[in-house]
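Everything below belongs to work.tsv, which stores TSV, C-alpha atoms and all ligand atoms.
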```tsv
chain	number	residue	atom	x	y	z
A	1	MET	CA	5.47	-19.41	16.22
A	2	ARG	CA	4.18	-16.35	18.10
A	3	ASN	CA	4.71	-12.95	16.49
A	4	ILE	CA	7.33	-11.92	19.05
A	5	GLU	CA	9.34	-15.06	18.26
A	6	ILE	CA	9.03	-14.37	14.53
A	7	MET	CA	10.26	-10.81	15.13
A	8	GLN	CA	13.21	-12.13	17.14
A	9	THR	CA	14.05	-14.55	14.31
A	10	ILE	CA	13.88	-11.68	11.81
A	11	LEU	CA	16.25	-9.59	13.92
A	12	SER	CA	18.67	-12.54	14.23
A	13	LYS	CA	18.61	-13.06	10.44
A	14	ILE	CA	19.27	-9.36	9.91
A	15	GLU	CA	22.23	-9.53	12.30
A	16	GLU	CA	23.58	-12.67	10.59
A	17	TYR	CA	23.77	-11.19	7.07
A	18	ASP	CA	26.23	-8.59	5.74
A	19	LYS	CA	23.98	-7.78	2.81
A	20	ILE	CA	20.24	-7.10	2.92
A	21	ILE	CA	18.01	-6.29	-0.05
A	22	ILE	CA	14.58	-4.78	0.56
A	23	PHE	CA	11.61	-5.19	-1.80
A	24	ARG	CA	7.98	-4.02	-1.98
A	25	HIS	CA	4.97	-4.31	-4.28
A	26	PHE	CA	4.87	-2.62	-7.67
A	27	ARG	CA	2.84	0.61	-8.04
A	28	PRO	CA	4.09	1.68	-4.61
A	29	ASP	CA	1.85	3.55	-2.23
A	30	GLY	CA	2.84	5.45	0.91
A	31	ASP	CA	3.00	2.27	2.96
A	32	ALA	CA	5.16	0.30	0.52
A	33	THR	CA	7.53	3.25	0.08
A	34	GLY	CA	7.52	4.30	3.72
A	35	SER	CA	8.07	0.83	5.15
A	36	THR	CA	10.93	-0.06	2.79
A	37	LYS	CA	12.70	3.26	3.19
A	38	GLY	CA	12.02	3.38	6.93
A	39	LEU	CA	13.38	-0.13	7.51
A	40	LYS	CA	16.41	0.56	5.33
A	41	ARG	CA	17.19	3.73	7.27
A	42	ILE	CA	16.83	2.02	10.67
A	43	LEU	CA	19.12	-0.82	9.56
A	44	ALA	CA	21.67	1.53	7.98
A	45	LEU	CA	21.84	3.60	11.20
A	46	THR	CA	22.08	0.53	13.43
A	47	TYR	CA	24.50	-1.51	11.33
A	48	PRO	CA	26.75	0.95	9.45
A	49	ASP	CA	28.97	-1.89	8.21
A	50	LYS	CA	26.19	-3.81	6.50
A	51	LYS	CA	25.24	-3.21	2.89
A	52	ILE	CA	21.52	-2.44	2.68
A	53	TYR	CA	19.82	-1.89	-0.66
A	54	LEU	CA	16.36	-0.94	-1.92
A	55	GLN	CA	15.88	-2.75	-5.23
A	56	ASN	CA	12.55	-2.14	-6.88
A	57	SER	CA	11.86	-1.66	-10.55
A	58	ASP	CA	9.15	1.00	-10.54
A	59	TYR	CA	8.47	4.20	-8.65
A	60	SER	CA	5.77	6.70	-7.74
A	61	ASP	CA	5.91	10.33	-8.87
A	62	TYR	CA	3.55	11.24	-6.05
A	63	LEU	CA	6.02	9.89	-3.48
A	64	ALA	CA	9.17	11.16	-5.21
A	65	PHE	CA	9.65	13.63	-2.32
A	66	LEU	CA	10.59	10.65	-0.12
A	67	GLY	CA	13.53	9.82	-2.41
A	68	GLY	CA	14.23	6.94	-4.76
A	69	GLU	CA	15.67	3.47	-4.98
A	70	ASP	CA	19.30	2.38	-5.01
A	71	GLU	CA	21.17	1.79	-8.27
A	72	PRO	CA	20.29	-1.68	-9.66
A	73	LEU	CA	22.61	-4.46	-8.51
A	74	GLU	CA	24.05	-7.19	-10.75
A	75	ASP	CA	22.26	-10.54	-10.45
A	76	ALA	CA	25.32	-12.10	-8.81
A	77	GLU	CA	25.01	-9.63	-5.93
A	78	TYR	CA	21.77	-11.25	-4.77
A	79	ALA	CA	23.25	-14.69	-4.06
A	80	ASP	CA	24.64	-13.95	-0.59
A	81	ALA	CA	21.90	-11.52	0.45
A	82	LEU	CA	18.98	-11.69	2.82
A	83	GLY	CA	15.85	-10.47	1.03
A	84	ILE	CA	13.06	-8.75	2.96
A	85	VAL	CA	9.76	-8.20	1.14
A	86	LEU	CA	7.45	-5.63	2.69
A	87	ASP	CA	3.74	-4.91	2.22
A	88	THR	CA	3.24	-7.52	-0.53
A	89	ALA	CA	0.78	-10.42	-0.23
A	90	THR	CA	1.85	-12.39	-3.31
A	91	THR	CA	5.11	-12.97	-5.19
A	92	LYS	CA	3.34	-11.90	-8.39
A	93	ARG	CA	3.13	-8.37	-6.99
A	94	ILE	CA	6.78	-8.02	-5.93
A	95	SER	CA	8.18	-5.11	-7.92
A	96	ASN	CA	11.58	-6.70	-8.62
A	97	LYS	CA	11.39	-10.27	-9.89
A	98	ARG	CA	15.01	-10.93	-8.90
A	99	TYR	CA	13.91	-11.29	-5.26
A	100	SER	CA	14.10	-15.06	-5.88
A	101	LEU	CA	17.90	-14.85	-6.32
A	102	CYS	CA	18.36	-13.99	-2.62
A	103	ARG	CA	19.74	-16.73	-0.40
A	104	GLU	CA	16.87	-16.33	2.09
A	105	LEU	CA	13.65	-14.37	1.96
A	106	ILE	CA	11.53	-12.84	4.73
A	107	LYS	CA	7.96	-11.58	4.31
A	108	ILE	CA	6.55	-8.76	6.45
A	109	ASP	CA	3.00	-7.79	5.55
A	110	HIS	CA	-0.44	-6.71	6.76
A	111	HIS	CA	-2.54	-7.92	3.79
A	112	ILE	CA	-4.83	-10.94	3.88
A	113	PRO	CA	-2.34	-13.81	3.41
A	114	VAL	CA	-3.24	-15.41	0.07
A	115	GLU	CA	0.20	-16.84	-0.73
A	116	SER	CA	2.84	-18.17	1.59
A	117	TYR	CA	6.41	-17.21	0.68
A	118	GLY	CA	9.45	-16.39	2.78
A	119	ALA	CA	10.77	-17.90	5.98
A	120	PRO	CA	9.95	-16.57	8.40
A	121	GLU	CA	6.74	-14.82	7.44
A	122	TRP	CA	5.47	-12.12	9.76
A	123	VAL	CA	1.92	-11.29	8.74
A	124	GLU	CA	-0.51	-9.33	10.91
A	125	GLU	CA	-3.57	-8.50	8.86
A	126	GLU	CA	-5.20	-6.56	11.68
A	127	ARG	CA	-2.41	-3.95	11.57
A	128	SER	CA	-3.40	-0.72	9.81
A	129	SER	CA	-0.16	-0.61	7.79
A	130	THR	CA	3.14	-2.37	7.26
A	131	CYS	CA	4.69	0.85	8.58
A	132	GLU	CA	2.85	0.22	11.85
A	133	MET	CA	4.60	-3.18	11.94
A	134	ILE	CA	7.98	-1.53	11.32
A	135	ALA	CA	7.20	0.95	14.12
A	136	HIS	CA	6.34	-2.02	16.35
A	137	PHE	CA	9.57	-3.79	15.33
A	138	TYR	CA	11.58	-0.69	16.19
A	139	ASP	CA	9.71	-0.16	19.47
A	140	THR	CA	10.16	-3.79	20.54
A	141	PHE	CA	13.91	-3.75	19.96
A	142	SER	CA	14.58	-0.07	20.66
A	143	ASP	CA	17.46	-1.01	22.95
A	144	ARG	CA	19.23	-2.48	19.89
A	145	LEU	CA	17.91	-0.49	16.92
A	146	LYS	CA	18.55	3.16	16.04
A	147	ILE	CA	16.12	5.61	14.51
A	148	ASP	CA	16.30	9.24	13.39
A	149	SER	CA	13.93	11.88	12.02
A	150	GLU	CA	14.39	10.68	8.44
A	151	ALA	CA	13.35	7.09	9.28
A	152	ALA	CA	10.48	8.41	11.40
A	153	LYS	CA	9.20	10.54	8.51
A	154	TYR	CA	9.11	7.53	6.14
A	155	ILE	CA	7.32	5.36	8.68
A	156	TYR	CA	4.82	8.04	9.63
A	157	ALA	CA	4.06	8.70	5.93
A	158	GLY	CA	2.98	5.07	5.53
A	159	MET	CA	1.01	5.00	8.77
A	160	VAL	CA	-0.91	8.15	7.84
A	161	THR	CA	-1.69	7.23	4.23
A	162	ASP	CA	-2.62	3.55	4.70
A	163	SER	CA	-4.95	4.33	7.59
A	164	GLY	CA	-6.74	7.18	5.77
A	165	ARG	CA	-5.22	9.60	8.27
A	166	PHE	CA	-6.01	7.27	11.18
A	167	ARG	CA	-9.64	6.88	10.16
A	168	PHE	CA	-10.02	3.28	8.91
A	169	ARG	CA	-11.40	0.57	11.15
A	170	ASP	CA	-8.11	-1.30	11.57
A	171	VAL	CA	-6.72	1.72	13.45
A	172	SER	CA	-6.35	0.63	17.08
A	173	GLY	CA	-5.12	2.13	20.31
A	174	GLU	CA	-1.83	0.38	19.52
A	175	THR	CA	-1.68	2.16	16.14
A	176	MET	CA	-1.98	5.49	17.92
A	177	ARG	CA	0.58	4.54	20.59
A	178	LEU	CA	3.09	3.55	17.90
A	179	ALA	CA	2.32	6.72	15.92
A	180	GLY	CA	3.18	8.55	19.15
A	181	VAL	CA	6.48	6.68	19.42
A	182	ILE	CA	7.36	7.66	15.85
A	183	LEU	CA	6.17	11.28	16.22
A	184	SER	CA	8.26	11.64	19.37
A	185	VAL	CA	11.41	11.07	17.32
A	186	GLY	CA	10.61	14.47	15.77
A	187	PHE	CA	10.30	15.57	12.14
A	188	ASP	CA	8.53	18.26	10.14
A	189	THR	CA	4.89	17.08	9.93
A	190	GLU	CA	3.73	20.25	8.16
A	191	ASN	CA	6.14	19.58	5.32
A	192	LEU	CA	5.13	15.91	5.19
A	193	PHE	CA	1.39	16.66	5.02
A	194	ALA	CA	1.95	19.39	2.40
A	195	ASN	CA	3.82	16.89	0.22
A	196	LEU	CA	1.18	14.21	0.72
A	197	TYR	CA	-2.00	16.19	0.29
A	198	LEU	CA	-1.53	19.38	-1.76
A	199	LYS	CA	-2.83	19.10	-5.31
A	200	GLU	CA	-2.09	20.72	-8.65
A	201	PHE	CA	-4.78	23.06	-10.00
A	202	LYS	CA	-5.38	20.68	-12.97
A	203	GLU	CA	-6.29	17.95	-10.48
A	204	TYR	CA	-9.00	20.20	-9.02
A	205	LYS	CA	-10.38	20.76	-12.51
A	206	PHE	CA	-10.39	17.02	-13.16
A	207	GLU	CA	-12.16	16.41	-9.84
A	208	ALA	CA	-15.00	18.72	-10.87
A	209	TYR	CA	-15.33	16.82	-14.16
A	210	ALA	CA	-15.12	13.42	-12.42
A	211	ARG	CA	-17.85	14.39	-9.96
A	212	ARG	CA	-20.15	15.11	-12.89
A	213	LYS	CA	-19.27	11.82	-14.58
A	214	MET	CA	-19.56	9.44	-11.61
A	215	LYS	CA	-22.62	7.19	-11.45
A	216	ILE	CA	-24.44	5.23	-8.78
A	217	THR	CA	-26.41	1.95	-8.99
A	218	ASP	CA	-29.76	1.33	-7.31
A	219	GLY	CA	-28.04	-0.57	-4.48
A	220	GLY	CA	-25.53	2.24	-3.94
A	221	VAL	CA	-22.32	1.35	-5.83
A	222	ALA	CA	-20.70	4.62	-6.89
A	223	TYR	CA	-18.35	4.24	-9.84
A	224	LEU	CA	-16.24	6.20	-12.25
A	225	TYR	CA	-14.49	5.20	-15.46
A	226	VAL	CA	-11.38	7.17	-16.41
A	227	SER	CA	-10.28	6.61	-20.00
A	228	ASN	CA	-6.86	7.32	-21.48
A	229	CYS	CA	-8.58	10.10	-23.41
A	230	MET	CA	-9.71	11.83	-20.18
A	231	LYS	CA	-6.21	11.52	-18.71
A	232	LYS	CA	-4.79	13.20	-21.80
A	233	ARG	CA	-7.37	15.96	-21.75
A	234	PHE	CA	-6.52	16.93	-18.16
A	235	GLY	CA	-2.80	16.17	-18.42
A	236	LEU	CA	-3.00	13.47	-15.73
A	237	SER	CA	-0.63	10.61	-15.04
A	238	ASP	CA	-2.07	7.14	-14.30
A	239	GLU	CA	-1.32	7.85	-10.68
A	240	ASP	CA	-3.25	11.16	-10.68
A	241	ALA	CA	-6.21	9.47	-12.38
A	242	SER	CA	-6.18	6.60	-9.88
A	243	ALA	CA	-6.55	9.04	-6.98
A	244	SER	CA	-10.10	9.71	-8.21
A	245	VAL	CA	-11.35	6.73	-6.19
A	246	SER	CA	-11.29	8.88	-3.07
A	247	LEU	CA	-13.72	11.39	-4.63
A	248	MET	CA	-16.50	8.87	-4.00
A	249	ASP	CA	-15.64	7.95	-0.43
A	250	SER	CA	-18.25	9.97	1.44
A	251	ILE	CA	-21.57	9.35	-0.28
A	252	LYS	CA	-24.30	8.32	2.16
A	253	GLY	CA	-25.68	4.85	1.41
A	254	SER	CA	-22.90	4.10	-1.07
A	255	LEU	CA	-21.09	1.34	0.80
A	256	ILE	CA	-18.92	0.39	-2.19
A	257	TRP	CA	-17.22	2.74	-4.62
A	258	LEU	CA	-15.14	1.74	-7.62
A	259	ALA	CA	-12.70	3.59	-9.87
A	260	PHE	CA	-11.94	2.01	-13.24
A	261	ILE	CA	-8.77	3.39	-14.78
A	262	GLU	CA	-7.96	2.45	-18.37
A	263	ASN	CA	-4.36	1.27	-18.72
A	264	LYS	CA	-2.19	2.01	-21.73
A	265	ASP	CA	-2.65	-1.59	-22.94
A	266	LYS	CA	-6.46	-1.11	-22.70
A	267	SER	CA	-6.87	-3.39	-19.69
A	268	ILE	CA	-8.69	-1.65	-16.83
A	269	ARG	CA	-7.31	-1.20	-13.32
A	270	VAL	CA	-10.02	-1.44	-10.69
A	271	ARG	CA	-9.72	0.22	-7.30
A	272	LEU	CA	-12.34	-1.09	-4.89
A	273	ARG	CA	-13.20	0.70	-1.66
A	274	SER	CA	-15.97	0.10	0.87
A	275	ARG	CA	-17.25	0.65	4.35
A	276	PHE	CA	-19.02	-2.07	6.36
A	277	VAL	CA	-19.06	-4.46	3.34
A	278	THR	CA	-16.07	-6.67	2.41
A	279	VAL	CA	-14.78	-6.25	-1.16
A	280	SER	CA	-11.53	-8.25	-1.13
A	281	GLU	CA	-13.28	-11.47	-2.22
A	282	LEU	CA	-14.87	-9.66	-5.14
A	283	ALA	CA	-11.40	-8.33	-6.08
A	284	GLU	CA	-9.97	-11.86	-5.92
A	285	LYS	CA	-12.56	-12.99	-8.49
A	286	TYR	CA	-11.21	-10.35	-10.88
A	287	ASN	CA	-7.45	-11.00	-10.80
A	288	GLY	CA	-6.87	-9.05	-7.62
A	289	GLY	CA	-6.97	-8.97	-3.85
A	290	GLY	CA	-6.17	-6.70	-0.94
A	291	HIS	CA	-7.91	-5.76	2.28
A	292	ALA	CA	-11.53	-6.14	3.35
A	293	CYS	CA	-12.34	-2.49	2.57
A	294	ALA	CA	-9.56	-1.51	0.11
A	295	ALA	CA	-8.68	-3.83	-2.72
A	296	GLY	CA	-7.47	-3.82	-6.32
A	297	ALA	CA	-8.29	-5.86	-9.42
A	298	THR	CA	-7.99	-5.87	-13.22
A	299	VAL	CA	-10.69	-6.34	-15.84
A	300	TYR	CA	-10.20	-6.67	-19.58
A	301	SER	CA	-13.38	-5.27	-21.13
A	302	LYS	CA	-16.32	-2.97	-20.50
A	303	ALA	CA	-18.53	-6.07	-20.28
A	304	GLU	CA	-16.40	-7.44	-17.45
A	305	MET	CA	-16.50	-4.03	-15.78
A	306	LYS	CA	-20.33	-4.06	-15.88
A	307	LYS	CA	-20.36	-7.58	-14.43
A	308	LEU	CA	-18.15	-6.49	-11.53
A	309	ILE	CA	-20.39	-3.47	-10.85
A	310	ALA	CA	-23.47	-5.73	-10.87
A	311	GLU	CA	-21.83	-8.12	-8.38
A	312	ALA	CA	-20.86	-5.22	-6.13
A	313	ASN	CA	-24.46	-4.02	-6.33
A	314	GLU	CA	-25.71	-7.44	-5.15
A	315	LEU	CA	-23.17	-7.39	-2.30
A	316	ILE	CA	-24.52	-4.07	-1.03
A	317	LYS	CA	-28.13	-5.16	-1.40
A	318	ALA	CA	-27.47	-8.35	0.56
A	319	TYR	CA	-25.65	-6.39	3.24
A	320	LYS	CA	-28.36	-3.76	3.57
A	321	ALA	CA	-31.06	-6.43	3.71
A	322	SER	CA	-29.58	-8.05	6.78
A	323	ASN	CA	-27.95	-5.12	8.62
A	324	SER	CA	-29.26	-1.84	9.90
A	325	ASP	CA	-26.26	0.01	11.31
A	326	TRP	CA	-24.77	1.22	7.99
A	327	LEU	CA	-24.66	4.73	6.58
B	401	LIG	P1	-5.08	-0.02	-4.72
B	401	LIG	O1	-6.46	0.29	-5.10
B	401	LIG	O2	-4.23	-0.41	-5.89
B	401	LIG	O3	-4.48	1.02	-3.85
B	401	LIG	O4	-5.11	-1.35	-3.82
B	401	LIG	C1	-5.73	-1.39	-2.58
B	401	LIG	C2	-5.11	-2.50	-1.77
B	401	LIG	O5	-5.27	-3.74	-2.43
B	401	LIG	C3	-3.62	-2.31	-1.57
B	401	LIG	O6	-3.29	-2.72	-0.26
B	401	LIG	C4	-2.99	-3.21	-2.59
B	401	LIG	O7	-1.74	-3.67	-2.16
B	401	LIG	C5	-4.01	-4.32	-2.73
B	401	LIG	N1	-4.07	-4.79	-4.12
B	401	LIG	C6	-4.26	-4.03	-5.21
B	401	LIG	N2	-4.25	-4.77	-6.34
B	401	LIG	C7	-4.04	-6.04	-5.95
B	401	LIG	C8	-3.90	-7.29	-6.63
B	401	LIG	N3	-3.99	-7.37	-7.97
B	401	LIG	N4	-3.68	-8.40	-5.90
B	401	LIG	C9	-3.58	-8.33	-4.56
B	401	LIG	N5	-3.71	-7.19	-3.84
B	401	LIG	C10	-3.93	-6.05	-4.51
```

Would you kindly transcribe this structure into structure tokens?
Amino acid sequence: MRNIEIMQTILSKIEEYDKIIIFRHFRPDGDATGSTKGLKRILALTYPDKKIYLQNSDYSDYLAFLGGEDEPLEDAEYADALGIVLDTATTKRISNKRYSLCRELIKIDHHIPVESYGAPEWVEEERSSTCEMIAHFYDTFSDRLKIDSEAAKYIYAGMVTDSGRFRFRDVSGETMRLAGVILSVGFDTENLFANLYLKEFKEYKFEAYARRKMKITDGGVAYLYVSNCMKKRFGLSDEDASASVSLMDSIKGSLIWLAFIENKDKSIRVRLRSRFVTVSELAEKYNGGGHACAAGATVYSKAEMKKLIAEANELIKAYKASNSDWL
């Protein structure tokens, strides 16, 4: 089926059901939050008689300014609902495991498709964000769907954050056109950017410390380990500590950078980022996945962490040996 036919099928399914439940991946980022809340708002405005719920079992403090989830529904409430899962490549990563109780399930995502679930599935991995797909969905059916400044703000938040403020390589002319469509609805961008990018003073102090602690391999893998002890010392949440990956994103010659964040259970969350080189396959080898240049994984010991760093180092070396246009 072509994407336009899949989108038409999704709209027909939405129109057929009186109850729709929207899901996303756990540890939500701007795209997961923005796409679920943006879609919910568009559907609530367009179909005031339908019951539309956001049912996810975790949340992000960082994105609390966008508002929360709906009160949890009883299991029985799922049976006659259409479920829509956004921004989630695998069922393992769906925040609310009760998604499987829905009568039908639809997947809308822009990650590399590693697991097939949902019918229909609308997956466009070349899109810069799932929010871009929701903007496209709205734009395609704008004669039937309604939008307002609240929905536009959610969608724009996801487009901006998942594209690194329209900087990553999957940003296309179409991304910018759709961003224009959403911006034209009108909302307070100054307030949105302040909420997204202002930091607490303690985060600045931690950044100075993290810059001293980060290391680099001979091939150019920059990496940083953030222990529970460090988080405590600087009064950081897991989410604050995880943001440290972006501190390493502009080092010349460092085509891969990795943040290792110790979890409360002592396992280690890995955030992999790169330019030019693909890291998603490396992430898949370590219980993870994601995009070519932004992926996540989990390791269970320092030894495993060192092994991952060594493999990333070999990836860069191989890339540099056969390419010349990197920086
Ligand atoms: P993160 O570093 O957690 O922001 O993840 C970067 C990207 O990889 C996001 O698009 C995530 O959805 C995806 N990702 C992170 N962890 C995993 C995982 N364990 N499995 C599949 N995809 C992941």

Query raised in the report: Can you tell me, as a VMD selection string, what residues are no more than 10 Å from Tyr154 (chain A) when counting all atoms listed in the file, ignoring any on the same chain fewer than 2 positions away?
Result: chain A and resid 30 to 39 41 66 to 67 131 149 to 152 156 to 159 182 192

Same residues, C-alpha atoms, output as a PDB file, in the coordinates of the input:
```
ATOM      1  CA  GLY A  30       2.840   5.450   0.910  1.00  0.00           C
ATOM      2  CA  ASP A  31       3.000   2.270   2.960  1.00  0.00           C
ATOM      3  CA  ALA A  32       5.160   0.300   0.520  1.00  0.00           C
ATOM      4  CA  THR A  33       7.530   3.250   0.080  1.00  0.00           C
ATOM      5  CA  GLY A  34       7.520   4.300   3.720  1.00  0.00           C
ATOM      6  CA  SER A  35       8.070   0.830   5.150  1.00  0.00           C
ATOM      7  CA  THR A  36      10.930  -0.060   2.790  1.00  0.00           C
ATOM      8  CA  LYS A  37      12.700   3.260   3.190  1.00  0.00           C
ATOM      9  CA  GLY A  38      12.020   3.380   6.930  1.00  0.00           C
ATOM     10  CA  LEU A  39      13.380  -0.130   7.510  1.00  0.00           C
ATOM     11  CA  ARG A  41      17.190   3.730   7.270  1.00  0.00           C
ATOM     12  CA  LEU A  66      10.590  10.650  -0.120  1.00  0.00           C
ATOM     13  CA  GLY A  67      13.530   9.820  -2.410  1.00  0.00           C
ATOM     14  CA  CYS A 131       4.690   0.850   8.580  1.00  0.00           C
ATOM     15  CA  SER A 149      13.930  11.880  12.020  1.00  0.00           C
ATOM     16  CA  GLU A 150      14.390  10.680   8.440  1.00  0.00           C
ATOM     17  CA  ALA A 151      13.350   7.090   9.280  1.00  0.00           C
ATOM     18  CA  ALA A 152      10.480   8.410  11.400  1.00  0.00           C
ATOM     19  CA  TYR A 156       4.820   8.040   9.630  1.00  0.00           C
ATOM     20  CA  ALA A 157       4.060   8.700   5.930  1.00  0.00           C
ATOM     21  CA  GLY A 158       2.980   5.070   5.530  1.00  0.00           C
ATOM     22  CA  MET A 159       1.010   5.000   8.770  1.00  0.00           C
ATOM     23  CA  ILE A 182       7.360   7.660  15.850  1.00  0.00           C
ATOM     24  CA  LEU A 192       5.130  15.910   5.190  1.00  0.00           C
TER      25      LEU A 192
END
```

Check which residues of chain A sit at most 6 Å from ligand LIG 401 (chain B) using all atoms listed in the file, and return one row each with the closest pair of atoms and their distance in Å to one decimal, ordered by chain and rising number, as CSV.
```
residue,atom,partner,partner_atom,distance
A:Arg271,CA,B:LIG401,O1,3.9
A:Asn287,CA,B:LIG401,N3,5.8
A:Gly288,CA,B:LIG401,N3,3.4
A:Gly289,CA,B:LIG401,C9,3.5
A:Gly290,CA,B:LIG401,O5,3.4
A:His291,CA,B:LIG401,O5,5.8
A:Ala294,CA,B:LIG401,C1,4.7
A:Ala295,CA,B:LIG401,O5,3.4
A:Gly296,CA,B:LIG401,N2,3.4
A:Ala297,CA,B:LIG401,N3,4.8
```

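When CA of Gly235 (chain A) is paired with CA of Lys202 (chain A), their separation reads 7.5 Å.
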
**Report entry** Interatomic distance, CA of Lys213 (chain A) to CA of Phe234 (chain A) (Å, one decimal)
**Finding:**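 Going from CA of Lys213 (chain A) over to CA of Phe234 (chain A) covers 14.2 Å.
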
**Report entry** Non-local contacts of region 244-246 of chain A (9 Å; only C-alpha atoms; under 5 positions in same chain excluded) as a PyMOL selection string
**Finding:** chain A and resi 206-207+210+223-224+226+257-260+271-273

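For the atom pair formed by CA of Asp238 (chain A) and CA of Asn263 (chain A), the distance is 7.7 Å, given to one decimal.
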
Just want the 9 Å neighbourhood of region 42-45 of chain A, counted on all atoms listed in the file, with same-chain residues fewer than 5 positions away dropped. Output as a tab-separated table (two decimals) with C-alpha atoms, in the coordinates of the input.
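The new file part-v5.tsv reads:
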```tsv
chain	number	residue	atom	x	y	z
A	14	ILE	CA	19.27	-9.36	9.91
A	37	LYS	CA	12.70	3.26	3.19
A	50	LYS	CA	26.19	-3.81	6.50
A	51	LYS	CA	25.24	-3.21	2.89
A	52	ILE	CA	21.52	-2.44	2.68
A	138	TYR	CA	11.58	-0.69	16.19
A	145	LEU	CA	17.91	-0.49	16.92
A	146	LYS	CA	18.55	3.16	16.04
A	147	ILE	CA	16.12	5.61	14.51
A	148	ASP	CA	16.30	9.24	13.39
A	151	ALA	CA	13.35	7.09	9.28
```

Query raised in the report: List as a PyMOL selection string: which residues have an atom within 8 Å of (-24.7, -4.3, -2.8), counting only C-alpha atoms?
Result: chain A and resi 219-221+255-256+311-320

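Distances here use all atoms listed in the file; by that measure, the residue among A:Ala321, A:Ala303, A:Cys293, A:Ile4 closest to Arg169 (chain A) is A:Cys293.
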
Requested in this report: Compare A:Ile10, A:Val299, A:Ile155, A:Ala208 by their minimum atom-to-atom distance to Phe187 (chain A), counting all atoms listed in the file, and give me the closest one.
Outcome: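 Of all the options, A:Ile155 lies closest to Phe187 (chain A).
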
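Between Asn195 (chain A) and the residues A:Glu15, A:Asp109, A:Glu262, A:Asp61, the shortest atom-to-atom distance, using all atoms listed in the file, involves A:Asp61.
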